[in-house]
Structures are given as structure tokens and as C-alpha cells.
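S.K.: My structure is stored as final-v6.txt, with compact mmCIF, C-alpha atoms.
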```txt
# COMPACT_ATOMS: atom_id res chain seq x y z
CA MET A 1 123.22 125.46 102.10
CA THR A 2 122.89 128.25 104.65
CA ALA A 3 122.61 127.83 108.40
CA SER A 4 118.97 128.89 108.14
CA ALA A 5 118.10 125.81 106.04
CA PRO A 6 115.36 123.79 107.80
CA LEU A 7 117.54 120.71 108.42
CA ALA A 8 120.84 122.45 109.13
CA GLY A 9 122.76 120.48 111.76
CA LEU A 10 121.35 117.09 110.79
CA ARG A 11 123.89 114.60 109.45
CA VAL A 12 122.78 111.50 107.55
CA VAL A 13 125.07 108.69 106.45
CA GLU A 14 123.51 107.13 103.35
CA LEU A 15 124.43 103.64 102.15
CA SER A 16 122.18 103.18 99.18
CA SER A 17 121.72 102.80 95.46
CA PHE A 18 119.15 103.12 92.68
CA VAL A 19 116.09 105.35 93.27
CA ALA A 20 114.12 105.24 96.51
CA SER A 21 116.77 105.62 99.20
CA PRO A 22 118.97 108.02 97.19
CA LEU A 23 115.88 110.14 96.56
CA GLY A 24 115.13 110.10 100.29
CA GLY A 25 118.66 111.26 101.01
CA MET A 26 118.54 113.95 98.35
CA THR A 27 115.23 115.23 99.73
CA LEU A 28 116.93 115.70 103.11
CA ALA A 29 120.05 117.23 101.55
CA ARG A 30 117.97 119.77 99.65
CA LEU A 31 116.53 120.88 102.98
CA GLY A 32 119.96 121.46 104.50
CA ALA A 33 120.96 118.12 106.00
CA ASP A 34 124.58 117.07 105.58
CA VAL A 35 124.05 113.83 103.66
CA ILE A 36 127.14 111.69 103.09
CA ARG A 37 126.59 108.99 100.50
CA VAL A 38 128.87 105.99 101.02
CA ASP A 39 129.64 103.73 98.05
CA PRO A 40 132.06 100.87 97.48
CA VAL A 41 135.34 101.74 95.80
CA GLY A 42 134.62 102.26 92.09
CA GLY A 43 131.01 103.22 92.71
CA GLY A 44 127.75 101.48 93.52
CA PRO A 45 125.68 99.33 91.16
CA ASP A 46 123.78 102.40 89.94
CA ARG A 47 126.91 104.44 89.15
CA ASN A 48 126.58 104.09 85.38
CA ARG A 49 122.85 103.63 85.02
CA TRP A 50 121.05 105.23 82.07
CA PRO A 51 120.23 107.87 80.98
CA VAL A 52 123.81 108.96 80.39
CA ALA A 53 125.49 112.09 79.06
CA PRO A 54 127.21 112.00 75.66
CA GLY A 55 130.48 111.21 77.43
CA GLY A 56 128.97 108.24 79.25
CA GLU A 57 128.48 109.74 82.72
CA SER A 58 125.20 108.78 84.38
CA LEU A 59 122.64 111.59 84.41
CA TYR A 60 120.49 109.33 86.56
CA TRP A 61 123.18 109.09 89.27
CA ALA A 62 123.93 112.80 89.13
CA GLY A 63 120.24 113.69 89.35
CA LEU A 64 119.53 111.61 92.46
CA ASN A 65 122.61 112.64 94.42
CA GLN A 66 122.61 116.42 94.18
CA GLY A 67 123.57 118.25 97.34
CA LYS A 68 125.30 115.28 98.99
CA ARG A 69 128.88 114.62 99.93
CA SER A 70 130.40 111.44 98.55
CA LEU A 71 132.69 108.84 100.10
CA THR A 72 133.95 105.57 98.63
CA VAL A 73 135.08 102.88 101.05
CA ASP A 74 136.03 99.21 100.89
CA LEU A 75 132.99 97.97 102.83
CA ARG A 76 134.31 94.42 102.67
CA SER A 77 137.17 95.31 104.96
CA PRO A 78 136.88 95.77 108.74
CA GLU A 79 138.79 99.04 108.41
CA GLY A 80 136.35 100.42 105.87
CA ARG A 81 133.33 99.46 107.92
CA ALA A 82 134.92 100.94 111.04
CA LEU A 83 135.45 104.23 109.24
CA VAL A 84 131.77 104.37 108.23
CA ALA A 85 130.64 103.42 111.73
CA GLU A 86 132.66 106.33 113.11
CA LEU A 87 130.83 108.64 110.71
CA VAL A 88 127.51 107.35 112.01
CA VAL A 89 128.15 107.48 115.73
CA GLY A 90 129.87 110.87 115.49
CA GLY A 91 128.44 114.15 114.30
CA GLY A 92 127.21 115.45 117.65
CA ALA A 93 123.54 115.84 118.47
CA GLY A 94 122.55 115.90 114.80
CA GLY A 95 124.49 112.76 113.92
CA GLY A 96 123.71 109.11 114.49
CA VAL A 97 121.41 108.81 111.48
CA VAL A 98 121.60 106.12 108.79
CA LEU A 99 119.58 105.84 105.58
CA THR A 100 120.09 102.63 103.64
CA ASN A 101 118.73 99.96 101.34
CA ALA A 102 121.82 97.78 101.76
CA ARG A 103 122.00 94.51 103.64
CA PRO A 104 123.49 95.02 107.12
CA ARG A 105 127.23 94.42 107.33
CA PRO A 106 129.21 93.53 110.46
CA GLY A 107 129.69 96.66 112.52
CA LEU A 108 127.07 98.60 110.56
CA SER A 109 123.84 96.86 111.59
CA TYR A 110 121.29 98.66 113.73
CA GLU A 111 122.23 96.55 116.74
CA ASP A 112 125.96 97.22 116.31
CA LEU A 113 125.49 100.96 115.93
CA ARG A 114 122.97 101.20 118.73
CA ALA A 115 125.42 99.54 121.08
CA ARG A 116 127.81 102.41 120.41
CA ARG A 117 125.21 105.18 120.19
CA PRO A 118 121.86 104.39 121.87
CA ASP A 119 120.03 107.23 120.12
CA VAL A 120 120.92 106.06 116.61
CA ILE A 121 118.20 106.33 113.95
CA TYR A 122 118.42 103.58 111.35
CA ALA A 123 116.07 103.99 108.38
CA ARG A 124 116.12 101.04 106.02
CA LEU A 125 114.34 100.38 102.73
CA LEU A 126 113.10 96.84 102.13
CA GLY A 127 111.67 95.29 99.00
CA ARG A 128 108.95 93.51 100.94
CA ARG A 129 108.17 93.49 104.63
CA ASP A 130 109.29 89.87 105.01
CA GLY A 131 112.74 90.88 103.81
CA SER A 132 112.45 89.37 100.33
CA THR A 133 113.70 91.40 97.39
CA ALA A 134 111.61 93.61 95.12
CA VAL A 135 112.08 96.60 92.85
CA ASP A 136 109.63 99.14 91.47
CA TYR A 137 109.04 97.08 88.32
CA THR A 138 108.12 93.90 90.20
CA VAL A 139 106.10 95.69 92.88
CA ASN A 140 104.14 97.46 90.17
CA ALA A 141 103.37 94.14 88.51
CA ALA A 142 102.10 92.74 91.80
CA CYS A 143 99.87 95.64 92.87
CA GLY A 144 97.32 95.67 90.05
CA PHE A 145 97.95 98.99 88.32
CA PRO A 146 99.37 97.58 85.05
CA MET A 147 96.11 95.69 84.52
CA LEU A 148 94.24 99.02 84.48
CA THR A 149 96.81 100.88 82.38
CA GLY A 150 96.60 101.08 78.60
CA PRO A 151 93.94 101.29 75.88
CA GLU A 152 90.47 99.86 76.26
CA GLY A 153 90.31 96.26 75.07
CA THR A 154 93.93 95.52 75.97
CA GLU A 155 94.35 92.23 77.83
CA ASP A 156 98.09 92.20 78.51
CA PRO A 157 99.65 94.23 81.35
CA VAL A 158 100.94 97.70 80.46
CA ASN A 159 103.77 99.18 82.54
CA HIS A 160 104.38 102.90 82.85
CA VAL A 161 107.63 104.84 82.59
CA LEU A 162 107.49 106.62 85.95
CA PRO A 163 108.94 104.56 88.87
CA ALA A 164 106.07 105.73 91.04
CA TRP A 165 106.69 103.35 93.93
CA ASP A 166 110.37 104.27 94.15
CA VAL A 167 109.46 107.95 94.25
CA ALA A 168 106.72 107.54 96.85
CA THR A 169 108.87 105.24 98.97
CA GLY A 170 111.82 107.65 98.89
CA LEU A 171 109.59 110.41 100.21
CA TYR A 172 108.14 108.07 102.87
CA LEU A 173 111.71 107.29 103.96
CA ALA A 174 112.48 110.99 104.33
CA ILE A 175 109.25 111.64 106.25
CA GLY A 176 109.76 108.62 108.51
CA LEU A 177 113.35 109.56 109.24
CA LEU A 178 112.33 113.10 110.16
CA ALA A 179 109.54 111.77 112.39
CA ALA A 180 112.06 109.54 114.17
CA GLU A 181 114.46 112.46 114.53
CA ARG A 182 111.72 114.63 116.02
CA ALA A 183 110.86 111.84 118.47
CA ARG A 184 114.54 111.63 119.42
CA ALA A 185 114.63 115.36 120.08
CA ARG A 186 111.69 114.91 122.50
CA THR A 187 112.70 111.67 124.20
CA GLY A 188 116.42 111.21 123.58
CA GLU A 189 115.73 107.78 122.11
CA GLY A 190 116.59 106.53 118.65
CA GLN A 191 114.82 103.79 116.74
CA ARG A 192 114.86 101.50 113.75
CA LEU A 193 112.58 102.49 110.86
CA GLU A 194 111.70 100.14 108.01
CA VAL A 195 109.75 100.98 104.87
CA ALA A 196 108.89 98.28 102.33
CA LEU A 197 108.44 99.17 98.67
CA GLY A 198 105.63 96.63 98.39
CA ASP A 199 103.82 98.12 101.38
CA VAL A 200 103.90 101.60 99.83
CA ALA A 201 102.33 100.33 96.61
CA LEU A 202 99.68 98.29 98.43
CA ALA A 203 98.89 101.15 100.80
CA THR A 204 98.46 103.53 97.86
CA ALA A 205 96.10 101.12 96.11
CA GLY A 206 94.06 101.00 99.30
CA GLN A 207 94.13 104.73 99.98
CA LEU A 208 92.87 105.49 96.47
CA GLY A 209 89.95 103.10 96.95
CA HIS A 210 91.08 100.53 94.36
CA LEU A 211 91.20 97.62 96.81
CA ALA A 212 87.91 98.42 98.51
CA GLU A 213 86.23 98.86 95.13
CA ALA A 214 87.50 95.44 94.05
CA GLN A 215 86.15 93.90 97.26
CA LEU A 216 82.73 95.54 97.13
CA SER A 217 81.91 96.03 93.45
CA PRO A 218 80.36 93.13 91.49
CA LYS A 219 81.99 94.38 88.27
CA PRO A 220 85.77 94.83 87.94
CA ARG A 221 86.98 98.18 86.72
CA GLY A 222 88.16 98.16 83.11
CA ARG A 223 90.86 100.03 81.24
CA LEU A 224 90.11 103.55 80.06
CA GLY A 225 93.10 104.54 77.95
CA ASN A 226 93.64 108.28 78.44
CA GLN A 227 90.27 108.84 80.08
CA ILE A 228 89.93 109.44 83.81
CA TYR A 229 87.73 107.35 86.08
CA GLY A 230 84.61 108.73 87.71
CA ASP A 231 84.37 112.03 85.82
CA PHE A 232 85.01 113.43 82.37
CA GLY A 233 88.58 113.78 81.19
CA ARG A 234 90.45 112.67 78.09
CA ASP A 235 92.76 113.77 75.30
CA PHE A 236 91.68 115.57 72.12
CA ALA A 237 93.50 116.43 68.89
CA THR A 238 93.46 119.98 67.52
CA ALA A 239 93.29 120.91 63.84
CA ASP A 240 97.08 121.30 63.64
CA GLY A 241 97.78 117.92 65.21
CA VAL A 242 98.48 118.97 68.79
CA ARG A 243 97.05 116.77 71.53
CA VAL A 244 95.66 118.27 74.73
CA MET A 245 94.41 116.68 77.92
CA VAL A 246 91.12 118.14 79.20
CA VAL A 247 89.75 117.39 82.67
CA VAL A 248 86.45 118.33 84.32
CA LEU A 249 86.16 117.71 88.08
CA THR A 250 83.56 120.21 89.30
CA ALA A 251 80.27 121.70 88.14
CA ARG A 252 82.07 124.98 87.48
CA HIS A 253 84.59 123.25 85.19
CA TRP A 254 81.72 121.56 83.39
CA ARG A 255 79.68 124.71 82.89
CA ASP A 256 82.71 126.61 81.58
CA LEU A 257 83.50 123.83 79.10
CA VAL A 258 79.89 123.77 77.89
CA ARG A 259 79.85 127.54 77.50
CA VAL A 260 83.03 127.95 75.44
CA THR A 261 82.50 124.91 73.22
CA GLY A 262 78.81 125.57 72.58
CA ILE A 263 77.74 121.95 73.17
CA GLY A 264 74.94 123.15 75.44
CA ASP A 265 72.78 123.73 72.35
CA ALA A 266 73.00 120.08 71.40
CA LEU A 267 72.52 118.83 74.96
CA GLY A 268 69.78 121.18 76.15
CA GLU A 269 69.72 122.84 79.57
CA PRO A 270 68.09 119.90 81.44
CA ALA A 271 70.85 117.58 80.23
CA VAL A 272 73.55 120.14 81.01
CA ALA A 273 72.21 120.48 84.56
CA GLY A 274 71.96 116.72 84.89
CA LEU A 275 75.64 116.45 84.09
CA ASP A 276 76.73 118.75 86.92
CA ALA A 277 77.61 115.57 88.86
CA GLY A 278 80.87 113.83 88.01
CA GLY A 279 79.36 110.36 88.00
CA GLU A 280 76.84 111.39 85.38
CA ARG A 281 79.53 112.91 83.20
CA TYR A 282 81.47 109.68 83.44
CA ALA A 283 78.43 107.60 82.52
CA HIS A 284 77.90 109.71 79.40
CA ARG A 285 81.56 110.17 78.50
CA GLU A 286 81.25 108.64 75.04
CA THR A 287 78.46 111.04 74.06
CA LEU A 288 80.44 113.97 75.43
CA THR A 289 83.51 112.86 73.48
CA GLN A 290 81.48 112.77 70.25
CA LEU A 291 80.17 116.29 70.92
CA LEU A 292 83.48 117.83 71.98
CA GLY A 293 85.79 116.11 69.50
CA PRO A 294 84.69 118.19 66.48
CA TRP A 295 85.14 121.45 68.41
CA PHE A 296 88.82 120.67 69.07
CA ALA A 297 89.37 119.21 65.59
CA ALA A 298 88.12 122.44 63.97
CA ARG A 299 90.56 124.73 65.84
CA ASP A 300 94.31 125.20 65.90
CA TYR A 301 96.10 124.74 69.21
CA ASP A 302 96.61 128.48 69.74
CA GLU A 303 92.87 129.11 69.59
CA VAL A 304 92.13 126.17 71.89
CA ALA A 305 94.75 127.37 74.37
CA ALA A 306 93.41 130.93 74.38
CA THR A 307 89.83 129.75 74.80
CA LEU A 308 90.42 127.21 77.56
CA GLY A 309 92.99 129.43 79.25
CA ALA A 310 90.26 131.98 79.97
CA THR A 311 88.15 129.39 81.85
CA SER A 312 88.38 127.23 84.96
CA VAL A 313 88.68 124.08 82.84
CA LEU A 314 91.74 121.95 83.66
CA TRP A 315 93.83 121.27 80.59
CA SER A 316 97.36 120.97 79.25
CA ARG A 317 99.20 120.31 76.05
CA TYR A 318 101.15 117.05 75.82
CA HIS A 319 104.90 117.64 75.71
CA THR A 320 107.91 115.45 75.13
CA PHE A 321 110.96 115.70 77.37
CA SER A 322 112.85 117.12 74.39
CA GLU A 323 110.30 119.90 74.00
CA LEU A 324 110.55 120.76 77.70
CA ALA A 325 114.35 120.72 77.67
CA GLN A 326 114.55 122.98 74.61
CA ASP A 327 111.90 125.42 75.81
CA GLY A 328 113.51 128.70 76.82
CA ALA A 329 111.01 129.00 79.67
CA LEU A 330 112.76 126.14 81.48
CA ALA A 331 115.71 128.38 82.29
CA GLU A 332 113.34 130.99 83.72
CA ASN A 333 111.55 128.51 85.98
CA PRO A 334 112.54 129.27 89.61
CA LEU A 335 112.67 125.53 90.34
CA MET A 336 115.57 125.11 87.94
CA GLY A 337 119.20 126.14 88.30
CA LYS A 338 122.42 125.67 86.37
CA VAL A 339 124.79 123.05 87.74
CA SER A 340 128.22 121.97 86.56
CA GLN A 341 128.96 118.28 86.96
CA PRO A 342 132.39 116.75 86.28
CA GLY A 343 132.21 114.52 83.23
CA ILE A 344 128.84 115.95 82.22
CA GLY A 345 129.24 119.70 81.96
CA SER A 346 126.75 122.47 82.63
CA TYR A 347 123.02 121.78 82.51
CA LEU A 348 119.74 122.77 84.15
CA ALA A 349 118.68 120.74 87.19
CA PRO A 350 115.80 121.14 89.66
CA GLY A 351 116.00 122.20 93.27
CA SER A 352 113.49 121.20 95.91
CA PRO A 353 109.82 121.82 95.08
CA LEU A 354 109.44 123.08 98.66
CA VAL A 355 109.49 126.88 98.95
CA PHE A 356 109.94 128.44 102.41
CA ASP A 357 108.91 132.07 102.88
CA GLY A 358 109.21 132.58 99.15
CA GLU A 359 112.77 131.22 99.03
CA GLN A 360 113.70 128.41 96.66
CA ILE A 361 115.68 125.81 98.64
```
Represent the structure from my file as C-alpha cells, please.
M.R.:
Amino acid sequence: MTASAPLAGLRVVELSSFVASPLGGMTLARLGADVIRVDPVGGGPDRNRWPVAPGGESLYWAGLNQGKRSLTVDLRSPEGRALVAELVVGGGAGGGVVLTNARPRPGLSYEDLRARRPDVIYARLLGRRDGSTAVDYTVNAACGFPMLTGPEGTEDPVNHVLPAWDVATGLYLAIGLLAAERARARTGEGQRLEVALGDVALATAGQLGHLAEAQLSPKPRGRLGNQIYGDFGRDFATADGVRVMVVVLTARHWRDLVRVTGIGDALGEPAVAGLDAGGERYAHRETLTQLLGPWFAARDYDEVAATLGATSVLWSRYHTFSELAQDGALAENPLMGKVSQPGIGSYLAPGSPLVFDGEQI
């Protein structure tokens, strides 16, 4: 990382494991912070978590700790804790920053560190605000989303593969830590920051209107499978068996889709105009599916891609991870770069999605 990196000069001591807090630390490291991950001797509880490389090394661990320095310490011993505390309170003006999801240990609590360095910033991930434990899987179960996920008519909860709350919480941790660091630069004062995984999930449900809708609507929202809520969007199969996701969110999208598929003849102009509003498209989604389905089913993917690609319609082919990994275009993507990891070998890994003045960080 060059001296011109946005967070050059910031040093973060990270005592963490699993997804959210390591992701927060990696986000900072990608932007130029010197992030030192501290683990117990032999590695943390996530050291061997799947997915793993053919030789058994954790791809998960490698992916969430790129750009950091690594230190293993016997945190059960006073000497080990003292060494880590020295790392925290040192580091000059950019030091004194902790990112953790670990329980406080003697000598490494916020109070202990603050006594030695009053401007310390201590960012801690909690499961729930009351201090009780939680992980993405349990938070997701509690926040309502699995009861809306899955095919229509399904009664049982359906989880999803993406640890969305871990990802969002990791980014909240990074943002909160940077806000605290900016406040310290203005005032000279440090502070303790806490972010609860459960709060992030609940806040997201509220911000997206799910909670207010449940309070105010007399009818609960049902499951929609691969359809989107409040407008027209769903998957279709092409003649050669490829599935594509098609989404309409504006009147322009709608008019372009009508034009290239020719369904305007069946609908008539008054009906087409009446469906310029998203709510109306949603209300008539089954009719639209019946009209559009045959158009996709009669064409190979290449024709569908060429036709939709020339319009404003939002669409994409469904891909597997294997298809993405084996696509030669992946190596040409400026987000990706070749890394060499001991025990794993050479493979493509992403950098930060943030691009400053055209430069990939």
C-alpha cells in the first residue's frame, strides 16, 4: 500500500474471528490502514473454516484477511496480553485503535486501554445489544426475512446462502471506526463504539419498510419466489435452457420491454399506458408472466441477450460460482488480481470495490 492510500498512517489492532469484524478490518486494510490481526497460538476458531483449498487451507480465512499483518499470541498469559496492549497504545497519532468481537480480557478492555491512552478508539462487535450471543444465522432467523424467502406456498423458513448481516455489520464497523477516528482528529478524544449484529438486521428491516408495512398493512406480505415486490421482475427460461432474471423498475424499462417482446399488441395501448406505474405492473404480474414467458421460451439465450442488451431493461443471466471462476473475463476484471497464498497457491482474489481517481485500491 502506498503512502497516498486514503488510510495511510492509521494502525488498527484486530482481535477477531469469523466474518463481520475480519471484514471490517480488511475493508480498512484495503484502504491503506496497517491492520494487525491478533490470534491465539495455533490460530483462531475460524482458521480452518470452509471452503478450503485442495490441500486443506481455508479459503474463507485467506479471503477475509487480505492485506493484514498477522500475529499469534498466548492471550491467556499476562505477557501475551501485555504485548498486545503495547501494540494498541503505541503507533503514534494513528495508533490506539482496536477492532474486536472478542470478550474483553484483563489488560485489553476499553477501560484498561483508555487508562493508558485516553484517546483510544475501541470498536467492538456484539451479537445483541444486551451482550447476549448471536451469529448471522440466528439473527437472520429472528428478523423475519426467512419467512419471506422461498417459493410461493412454502410454509417453512428458507435461509439464504449470503451472510448478509455479517457483511453489513462488518461495513458498519469500518464506517463507525472511521467516524470515531475523525472525531478524535477534531477533538483529541477517543471513544468506545459498539455495533450489534441483531441491531443491523433489525435496522435494515425497518429502513426497507418491512417493519412499518407489517404494522400498518392489514394483510401480511407473502412469499414471491424469484419475483420482486412492488414491480415486475422475475426469472424466465430461454429455448436452450438458460435462465435469466428480468427486472422493470421505471416506465422506460417497461416501454422498452413491451417494444422488443411485442406484447403491446396483446395488451393494447391503454393497458400498456396503465402499466407505466410499478404498482400496476405488480398487480398484473401473473398476466405479464403468461405473455412474456413464450417470448423467452421461443428464443435461444444469445438472441435474448442481444435483444435485451440493446434496451434499458435490467436483466442478467444466472451463473454458478464455477462458471464465474472459469470465465476468462474474470482475469480481465480490474477488481481482481492474482495473489499467492502459502498452502493454497496462486489464485484470483478481489481488491476493494472502491476506486479513487480511477485507481484500483
S.K.: Can you work out the spacing between CA of Val304 in chain A and CA of Phe236 in chain A in Å, to one decimal?
M.R.: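 It comes out at 10.6 Å.
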S.K.: Grab the CA of Ala201 in chain A to CA of Ser352 in chain A distance for me, in Å with one decimal place.
M.R.: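 Answer for the CA of Ala201 in chain A to CA of Ser352 in chain A separation: 23.7 Å.
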S.K.: Counting all atoms listed in the file, which residue out of A:Leu113, A:Leu291, A:Val258, A:Ala168 sits closest to Leu197 in chain A?
M.R.: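 Among the listed residues, A:Ala168 lies closest to Leu197 in chain A.
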S.K.: Env of Arg234 in chain A: 7 Å cut, atoms = only C-alpha atoms, seq-sep filter 2 positions within chain, self excluded. Answer as a compact mmCIF listing (two decimals) with C-alpha atoms, keeping the file's coordinate frame.
M.R.:
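The result, written out as selection.txt:
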```txt
# COMPACT_ATOMS: atom_id res chain seq x y z
CA ASN A 226 93.64 108.28 78.44
CA GLN A 227 90.27 108.84 80.08
CA ILE A 228 89.93 109.44 83.81
CA PHE A 232 85.01 113.43 82.37
CA PHE A 236 91.68 115.57 72.12
CA MET A 245 94.41 116.68 77.92
CA VAL A 246 91.12 118.14 79.20
CA VAL A 247 89.75 117.39 82.67
```
S.K.: If you measure from CA of Glu152 in chain A to CA of Arg223 in chain A, what distance in Å do you get, rounded to one decimal?
M.R.: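 CA of Arg223 in chain A lies 5.0 Å from CA of Glu152 in chain A.
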S.K.: Within 8 Å of range 28-44 of chain A, counting all atoms listed in the file, which residues qualify if same-chain residues fewer than 2 places away don't, as a ChimeraX atom specification?
M.R.: /A:1-3,5-17,24-26,46-47,66-75,84,174,351-352,361
S.K.: Would you mind exporting C-alpha atoms of the selected residues as a PDB file, keeping the file's coordinate frame?
M.R.:
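The resulting again.pdb:
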```pdb
ATOM      1  CA  MET A   1     123.220 125.460 102.100  1.00  0.00           C
ATOM      2  CA  THR A   2     122.890 128.250 104.650  1.00  0.00           C
ATOM      3  CA  ALA A   3     122.610 127.830 108.400  1.00  0.00           C
ATOM      4  CA  ALA A   5     118.100 125.810 106.040  1.00  0.00           C
ATOM      5  CA  PRO A   6     115.360 123.790 107.800  1.00  0.00           C
ATOM      6  CA  LEU A   7     117.540 120.710 108.420  1.00  0.00           C
ATOM      7  CA  ALA A   8     120.840 122.450 109.130  1.00  0.00           C
ATOM      8  CA  GLY A   9     122.760 120.480 111.760  1.00  0.00           C
ATOM      9  CA  LEU A  10     121.350 117.090 110.790  1.00  0.00           C
ATOM     10  CA  ARG A  11     123.890 114.600 109.450  1.00  0.00           C
ATOM     11  CA  VAL A  12     122.780 111.500 107.550  1.00  0.00           C
ATOM     12  CA  VAL A  13     125.070 108.690 106.450  1.00  0.00           C
ATOM     13  CA  GLU A  14     123.510 107.130 103.350  1.00  0.00           C
ATOM     14  CA  LEU A  15     124.430 103.640 102.150  1.00  0.00           C
ATOM     15  CA  SER A  16     122.180 103.180  99.180  1.00  0.00           C
ATOM     16  CA  SER A  17     121.720 102.800  95.460  1.00  0.00           C
ATOM     17  CA  GLY A  24     115.130 110.100 100.290  1.00  0.00           C
ATOM     18  CA  GLY A  25     118.660 111.260 101.010  1.00  0.00           C
ATOM     19  CA  MET A  26     118.540 113.950  98.350  1.00  0.00           C
ATOM     20  CA  ASP A  46     123.780 102.400  89.940  1.00  0.00           C
ATOM     21  CA  ARG A  47     126.910 104.440  89.150  1.00  0.00           C
ATOM     22  CA  GLN A  66     122.610 116.420  94.180  1.00  0.00           C
ATOM     23  CA  GLY A  67     123.570 118.250  97.340  1.00  0.00           C
ATOM     24  CA  LYS A  68     125.300 115.280  98.990  1.00  0.00           C
ATOM     25  CA  ARG A  69     128.880 114.620  99.930  1.00  0.00           C
ATOM     26  CA  SER A  70     130.400 111.440  98.550  1.00  0.00           C
ATOM     27  CA  LEU A  71     132.690 108.840 100.100  1.00  0.00           C
ATOM     28  CA  THR A  72     133.950 105.570  98.630  1.00  0.00           C
ATOM     29  CA  VAL A  73     135.080 102.880 101.050  1.00  0.00           C
ATOM     30  CA  ASP A  74     136.030  99.210 100.890  1.00  0.00           C
ATOM     31  CA  LEU A  75     132.990  97.970 102.830  1.00  0.00           C
ATOM     32  CA  VAL A  84     131.770 104.370 108.230  1.00  0.00           C
ATOM     33  CA  ALA A 174     112.480 110.990 104.330  1.00  0.00           C
ATOM     34  CA  GLY A 351     116.000 122.200  93.270  1.00  0.00           C
ATOM     35  CA  SER A 352     113.490 121.200  95.910  1.00  0.00           C
ATOM     36  CA  ILE A 361     115.680 125.810  98.640  1.00  0.00           C
TER      37      ILE A 361
END
```
S.K.: Could you give me, as a list in words, the residues within 8 Å of range 135-151 of chain A, counting all atoms listed in the file and dropping anything in the same chain fewer than 5 positions from it?
M.R.: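 The neighbour list is Gly127, Asp156, Pro157, Val158, Asn159, His160, Pro163, Ala164, Trp165, Asp166, Leu197, Gly198, Ala201, Leu202, Ala205, Arg221, Gly222, Arg223, Leu224, Gly225 and Asn226 of chain A.
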S.K.: Taking (104.9, 96.0, 104.8) in the file's own coordinates, collect the residues within 9 Å, counting all atoms listed in the file, and hand them back as an NGL selection string.
M.R.: :A and (126-130 or 194-200 or 202-203)
S.K.: With a distance cut-off of 12 Å and only C-alpha atoms, select the neighbouring residues of Ala179 in chain A, excluding the residue or stretch itself and same-chain residues fewer than 4 positions from it, and output the selection as a VMD selection string.
M.R.: chain A and resid 121 123 172 to 175 183 to 186 190 to 193
S.K.: Could you take the residues named above and write them with C-alpha atoms, as a short mmCIF file (atom, residue, chain, number, x, y, z; two decimals), keeping the file's coordinate frame?
M.R.:
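Result went into selection32.cif, see below:
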```cif
data_model
loop_
_atom_site.label_atom_id
_atom_site.label_comp_id
_atom_site.auth_asym_id
_atom_site.auth_seq_id
_atom_site.Cartn_x
_atom_site.Cartn_y
_atom_site.Cartn_z
CA ILE A 121 118.20 106.33 113.95
CA ALA A 123 116.07 103.99 108.38
CA TYR A 172 108.14 108.07 102.87
CA LEU A 173 111.71 107.29 103.96
CA ALA A 174 112.48 110.99 104.33
CA ILE A 175 109.25 111.64 106.25
CA ALA A 183 110.86 111.84 118.47
CA ARG A 184 114.54 111.63 119.42
CA ALA A 185 114.63 115.36 120.08
CA ARG A 186 111.69 114.91 122.50
CA GLY A 190 116.59 106.53 118.65
CA GLN A 191 114.82 103.79 116.74
CA ARG A 192 114.86 101.50 113.75
CA LEU A 193 112.58 102.49 110.86
#
```
S.K.: With distances taken over only C-alpha atoms, which of A:Gln215, A:Glu111, A:Glu303, A:Gly233 is nearest to Glu286 in chain A?
M.R.: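 Of the candidates, the smallest distance to Glu286 in chain A is held by A:Gly233.
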S.K.: Set the distance at 8 Å and use all atoms listed in the file: which residues neighbour range 53-63 of chain A once local chain neighbours fewer than 6 positions away are removed? I'd like the list as a PyMOL selection string.
M.R.: chain A and resi 18+46-47+341+343-344+349
S.K.: Counting only C-alpha atoms, find the residues whose atoms lie at most 8 Å from (82.9, 108.8, 86.1) (file coordinates) and write them out as a PyMOL selection string.
M.R.: chain A and resi 228-232+278-283+285
S.K.: Of the candidates A:Leu257, A:Gly274, A:Glu332, A:Leu177, which one gets nearest to Leu292 in chain A if we count all atoms listed in the file?
M.R.: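 Ranked by minimum distance to Leu292 in chain A, first place goes to A:Leu257.
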S.K.: Around all the atoms of range 279-282 of chain A listed in the file, draw an axis-aligned box and extend it by 8 Å on each of the six sides; I want its centre and edge lengths in Å to one decimal, as AutoDock Vina command-line options.
M.R.:
```
--center_x 79.2 --center_y 111.3 --center_z 85.6 --size_x 20.6 --size_y 19.2 --size_z 20.8
```
S.K.: Would you mind completing range 97-108 of chain A so that it carries N, CA and C atoms, and writing it out as a PDB file, keeping the file's coordinate frame?
M.R.:
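So the final result, stored in part.pdb, reads:
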```
ATOM      1  N   VAL A  97     122.542 109.097 112.354  1.00  0.00           N
ATOM      2  CA  VAL A  97     121.410 108.810 111.480  1.00  0.00           C
ATOM      3  C   VAL A  97     121.908 108.054 110.247  1.00  0.00           C
ATOM      4  N   VAL A  98     121.258 106.942 109.948  1.00  0.00           N
ATOM      5  CA  VAL A  98     121.600 106.120 108.790  1.00  0.00           C
ATOM      6  C   VAL A  98     120.382 105.993 107.890  1.00  0.00           C
ATOM      7  N   LEU A  99     120.608 106.096 106.587  1.00  0.00           N
ATOM      8  CA  LEU A  99     119.580 105.840 105.580  1.00  0.00           C
ATOM      9  C   LEU A  99     120.160 104.826 104.606  1.00  0.00           C
ATOM     10  N   THR A 100     119.483 103.683 104.436  1.00  0.00           N
ATOM     11  CA  THR A 100     120.090 102.630 103.640  1.00  0.00           C
ATOM     12  C   THR A 100     119.062 101.724 102.990  1.00  0.00           C
ATOM     13  N   ASN A 101     119.473 101.092 101.889  1.00  0.00           N
ATOM     14  CA  ASN A 101     118.730  99.960 101.340  1.00  0.00           C
ATOM     15  C   ASN A 101     119.655  98.755 101.214  1.00  0.00           C
ATOM     16  N   ALA A 102     120.826  98.845 101.855  1.00  0.00           N
ATOM     17  CA  ALA A 102     121.820  97.780 101.760  1.00  0.00           C
ATOM     18  C   ALA A 102     121.594  96.741 102.861  1.00  0.00           C
ATOM     19  N   ARG A 103     122.038  95.536 102.596  1.00  0.00           N
ATOM     20  CA  ARG A 103     122.000  94.510 103.640  1.00  0.00           C
ATOM     21  C   ARG A 103     122.963  94.913 104.759  1.00  0.00           C
ATOM     22  N   PRO A 104     122.607  94.640 106.009  1.00  0.00           N
ATOM     23  CA  PRO A 104     123.490  95.020 107.120  1.00  0.00           C
ATOM     24  C   PRO A 104     124.828  94.286 107.039  1.00  0.00           C
ATOM     25  N   ARG A 105     125.892  95.001 107.282  1.00  0.00           N
ATOM     26  CA  ARG A 105     127.230  94.420 107.330  1.00  0.00           C
ATOM     27  C   ARG A 105     127.735  94.430 108.769  1.00  0.00           C
ATOM     28  N   PRO A 106     128.658  93.548 109.101  1.00  0.00           N
ATOM     29  CA  PRO A 106     129.210  93.530 110.460  1.00  0.00           C
ATOM     30  C   PRO A 106     129.728  94.909 110.867  1.00  0.00           C
ATOM     31  N   GLY A 107     129.286  95.360 112.024  1.00  0.00           N
ATOM     32  CA  GLY A 107     129.690  96.660 112.520  1.00  0.00           C
ATOM     33  C   GLY A 107     128.796  97.799 112.079  1.00  0.00           C
ATOM     34  N   LEU A 108     127.931  97.540 111.083  1.00  0.00           N
ATOM     35  CA  LEU A 108     127.070  98.600 110.560  1.00  0.00           C
ATOM     36  C   LEU A 108     125.580  98.260 110.676  1.00  0.00           C
TER      37      LEU A 108
END
```
